[in-house]
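Worksheet for the structure shown next.
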Amino acid sequence: MPDLAFVLLSRAERPDLGRLVAALRELGFAEAAADAPTEADGPAVVSLGDDTRLLVMLMPAPHPDAAMMAGPMTPPPDELAAAPAHYVVTTLGLEGDVREKDRTLAALTAAVVRASPATAAMLGHGRLFYDASLFAELAADAAQHGEVPIEIVVDVTAAAEPDDRMSFLSHGLERYGREDFFVTAPVSGRGALDFLLGLVRWMIEDTN
């Protein structure tokens, strides 16, 4: 499966290569350098060293699944659906296990967010878009500490349950060889989401 991410935009605008390279270097990609453009409507390409490249392709149309699902950490569906354009972000030559790839791709996407009129972002395997600022902050912090940004790598959806209860369901742990979690709690309760995210972090970080 290709290493993909998607970034929703407030306007159809190609990424600023200068800003993108600067953002990448700030996030630890010291060898980032823009490739010479080959086509006016082609992707923006940045070399990251060791034959690894980041490609950002402008799609001047709404993302078809932007508002398909919602979660406790996602923008309102109408805001997501209103984005008039989006980027398809992909990489060539990205190596490592699923943890390393997720951490790196999230950081690369955070750089794209910081260099564009982004409103939301998600990794390609995901089901939910996250507020662009939140996505970039979580990805950058995780990259700095060598961790996986579990809040944006594993999606969590919420649903109403009988008897004044609600449920949280994780999506994506199977990529790490784990089972997803289903947690129920009283609607008036507190801490169920943090509890679930703690379980998710444990499953991802425990490699035994």
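Residues in the structure tokens are numbered from 1 in each chain, the chains being A, B, ... in the order shown, and ligands are numbered from 1 in the order shown.
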
Please, which residues of region 38-180 of chain A, numbered as in this document, come out alpha helix (DSSP H) from DSSP, as number ranges by chain? A: 77-81, 98-114, 132-144, 150-153

Residue selection dump (C-alpha atoms) as a PDB file, in the first residue's frame:
```pdb
ATOM      1  CA  PRO A  77     -18.538  17.581   9.000  1.00  0.00           C
ATOM      2  CA  ASP A  78     -19.847  20.709   7.278  1.00  0.00           C
ATOM      3  CA  GLU A  79     -16.453  22.400   7.679  1.00  0.00           C
ATOM      4  CA  LEU A  80     -14.686  19.384   6.200  1.00  0.00           C
ATOM      5  CA  ALA A  81     -17.106  19.174   3.278  1.00  0.00           C
ATOM      6  CA  VAL A  98       4.928   0.522  10.211  1.00  0.00           C
ATOM      7  CA  ARG A  99       5.769   2.551  13.329  1.00  0.00           C
ATOM      8  CA  GLU A 100       8.680   4.338  11.662  1.00  0.00           C
ATOM      9  CA  LYS A 101       6.721   4.982   8.473  1.00  0.00           C
ATOM     10  CA  ASP A 102       3.701   6.345  10.342  1.00  0.00           C
ATOM     11  CA  ARG A 103       5.870   8.663  12.449  1.00  0.00           C
ATOM     12  CA  THR A 104       7.800   9.912   9.412  1.00  0.00           C
ATOM     13  CA  LEU A 105       4.789  10.341   7.137  1.00  0.00           C
ATOM     14  CA  ALA A 106       2.927  12.224   9.864  1.00  0.00           C
ATOM     15  CA  ALA A 107       5.889  14.596  10.260  1.00  0.00           C
ATOM     16  CA  LEU A 108       6.145  15.109   6.494  1.00  0.00           C
ATOM     17  CA  THR A 109       2.436  15.862   6.322  1.00  0.00           C
ATOM     18  CA  ALA A 110       2.794  18.300   9.215  1.00  0.00           C
ATOM     19  CA  ALA A 111       5.363  20.201   7.147  1.00  0.00           C
ATOM     20  CA  VAL A 112       2.920  20.333   4.222  1.00  0.00           C
ATOM     21  CA  VAL A 113       0.234  21.667   6.576  1.00  0.00           C
ATOM     22  CA  ARG A 114       2.554  24.407   7.825  1.00  0.00           C
ATOM     23  CA  ALA A 132      -4.712  20.990  10.578  1.00  0.00           C
ATOM     24  CA  SER A 133      -3.110  22.768  13.552  1.00  0.00           C
ATOM     25  CA  LEU A 134      -3.838  19.839  15.869  1.00  0.00           C
ATOM     26  CA  PHE A 135      -2.475  17.335  13.352  1.00  0.00           C
ATOM     27  CA  ALA A 136       0.737  19.332  12.847  1.00  0.00           C
ATOM     28  CA  GLU A 137       1.266  19.830  16.578  1.00  0.00           C
ATOM     29  CA  LEU A 138       0.790  16.147  17.438  1.00  0.00           C
ATOM     30  CA  ALA A 139       2.955  14.945  14.548  1.00  0.00           C
ATOM     31  CA  ALA A 140       5.777  17.402  15.295  1.00  0.00           C
ATOM     32  CA  ASP A 141       5.813  16.591  19.019  1.00  0.00           C
ATOM     33  CA  ALA A 142       5.878  12.845  18.345  1.00  0.00           C
ATOM     34  CA  ALA A 143       8.696  13.205  15.815  1.00  0.00           C
ATOM     35  CA  GLN A 144      10.752  15.234  18.298  1.00  0.00           C
ATOM     36  CA  ILE A 150      -1.206   7.693  18.204  1.00  0.00           C
ATOM     37  CA  GLU A 151      -4.015  10.292  18.292  1.00  0.00           C
ATOM     38  CA  ILE A 152      -3.796  10.743  14.493  1.00  0.00           C
ATOM     39  CA  VAL A 153      -2.445   7.313  13.497  1.00  0.00           C
TER      40      VAL A 153
END
```

Quick one: residues within 8 Å of Gly126 (chain A), only C-alpha atoms, excluding same-chain residues fewer than 3 positions away - as a compact mmCIF listing (two decimals) with N, CA, C and O atoms, in the first residue's frame?
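Written out: result12.txt:
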```txt
# COMPACT_ATOMS: atom_id res chain seq x y z
N MET A 122 -5.14 14.04 7.22
CA MET A 122 -5.19 12.67 7.73
C MET A 122 -4.20 11.81 6.97
O MET A 122 -3.84 12.12 5.82
N LEU A 123 -3.75 10.73 7.59
CA LEU A 123 -2.91 9.75 6.92
C LEU A 123 -3.78 8.88 6.03
O LEU A 123 -4.97 8.69 6.28
N PHE A 129 -10.44 12.99 9.27
CA PHE A 129 -9.61 14.17 9.12
C PHE A 129 -9.53 14.89 10.47
O PHE A 129 -10.52 14.97 11.21
N VAL A 153 -2.80 8.54 14.22
CA VAL A 153 -2.45 7.31 13.50
C VAL A 153 -3.55 6.27 13.65
O VAL A 153 -3.83 5.52 12.72
N VAL A 154 -4.16 6.24 14.82
CA VAL A 154 -5.29 5.34 15.08
C VAL A 154 -6.52 6.21 15.32
O VAL A 154 -6.53 7.04 16.23
N ASP A 155 -7.53 6.05 14.49
CA ASP A 155 -8.74 6.85 14.61
C ASP A 155 -9.65 6.30 15.71
O ASP A 155 -9.68 5.10 15.98
N HIS A 171 -9.83 2.41 15.34
CA HIS A 171 -9.69 1.90 13.97
C HIS A 171 -8.23 1.97 13.57
O HIS A 171 -7.63 3.05 13.60
N GLY A 172 -7.64 0.85 13.17
CA GLY A 172 -6.29 0.87 12.63
C GLY A 172 -5.25 0.08 13.39
O GLY A 172 -4.11 -0.05 12.91
```

Using only C-alpha atoms, I'd like a table of the residues in region 96-193 of chain A that come within 6 Å of region 3-22 of chain A; for each, show the closest atom pair and its distance in Å rounded to one decimal, ordered by chain and ascending number, as a Markdown table.
```
| residue | atom | partner | partner_atom | distance |
| --- | --- | --- | --- | --- |
| A:Ala115 | CA | A:Leu20 | CA | 5.0 |
| A:Ser116 | CA | A:Pro15 | CA | 5.6 |
| A:Pro117 | CA | A:Leu9 | CA | 5.5 |
| A:Ala118 | CA | A:Leu9 | CA | 4.4 |
| A:Thr119 | CA | A:Leu9 | CA | 5.4 |
| A:Ala120 | CA | A:Leu8 | CA | 5.1 |
| A:Ala121 | CA | A:Val7 | CA | 4.3 |
| A:Met122 | CA | A:Phe6 | CA | 5.5 |
| A:Leu123 | CA | A:Ala5 | CA | 4.1 |
| A:Gly124 | CA | A:Ala5 | CA | 4.4 |
```

May I have the residues from that selection written out with N, CA and C atoms, as a JSON list (two decimals), in the first residue's frame?
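File produced: selection.json:
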```json
[["chain", "number", "residue", "atom", "x", "y", "z"],
["A", 115, "ALA", "N", 3.03, 24.70, 5.46],
["A", 115, "ALA", "CA", 3.43, 25.46, 4.27],
["A", 115, "ALA", "C", 2.29, 25.69, 3.30],
["A", 116, "SER", "N", 1.06, 25.57, 3.78],
["A", 116, "SER", "CA", -0.08, 25.66, 2.86],
["A", 116, "SER", "C", -1.30, 26.20, 3.60],
["A", 117, "PRO", "N", -2.36, 26.56, 2.86],
["A", 117, "PRO", "CA", -3.61, 27.01, 3.48],
["A", 117, "PRO", "C", -4.45, 25.81, 3.93],
["A", 118, "ALA", "N", -3.89, 24.99, 4.80],
["A", 118, "ALA", "CA", -4.52, 23.74, 5.21],
["A", 118, "ALA", "C", -5.58, 23.97, 6.27],
["A", 119, "THR", "N", -6.63, 23.17, 6.20],
["A", 119, "THR", "CA", -7.68, 23.20, 7.22],
["A", 119, "THR", "C", -7.78, 21.89, 7.98],
["A", 120, "ALA", "N", -7.38, 20.78, 7.37],
["A", 120, "ALA", "CA", -7.45, 19.48, 8.02],
["A", 120, "ALA", "C", -6.51, 18.51, 7.31],
["A", 121, "ALA", "N", -6.17, 17.42, 7.99],
["A", 121, "ALA", "CA", -5.25, 16.44, 7.41],
["A", 121, "ALA", "C", -5.52, 15.06, 7.99],
["A", 122, "MET", "N", -5.14, 14.04, 7.22],
["A", 122, "MET", "CA", -5.19, 12.67, 7.73],
["A", 122, "MET", "C", -4.20, 11.81, 6.97],
["A", 123, "LEU", "N", -3.75, 10.73, 7.59],
["A", 123, "LEU", "CA", -2.91, 9.75, 6.92],
["A", 123, "LEU", "C", -3.78, 8.88, 6.03],
["A", 124, "GLY", "N", -3.17, 8.33, 4.98],
["A", 124, "GLY", "CA", -3.93, 7.64, 3.96],
["A", 124, "GLY", "C", -4.71, 6.44, 4.43]]
```

Hey, what does DSSP flag as strand (DSSP E or B) within region 113-199 of chain A? Can you give it to me as a ChimeraX atom specification? /A:118-123,130-131,155-161,165-171,182-186

Measuring between only C-alpha atoms, which one of A:Leu48, A:Pro76, A:Asp163, A:Leu169 shows the shortest distance to Gly28 (chain A)?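 Residue with the minimum atom-to-atom distance to Gly28 (chain A): A:Leu48.
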
Counting only C-alpha atoms, which residue out of A:Val89, A:Thr74, A:Phe29, A:Asp180 sits closest to Leu54 (chain A)?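 Distance minimum relative to Leu54 (chain A) lands on A:Val89.
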
Hey, which of A:Thr207, A:Ser47, A:Thr91, A:Ser188 ends up closest to Arg165 (chain A)? Count only C-alpha atoms.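 Using only C-alpha atoms, the shortest distance to Arg165 (chain A) belongs to A:Ser188.
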
Can you work out which one of A:Ala70, A:Tyr87, A:Val148, A:Val187 has the shortest atom-to-atom distance to Ser167 (chain A), counting only C-alpha atoms?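 Ranked by minimum distance to Ser167 (chain A), first place goes to A:Val187.
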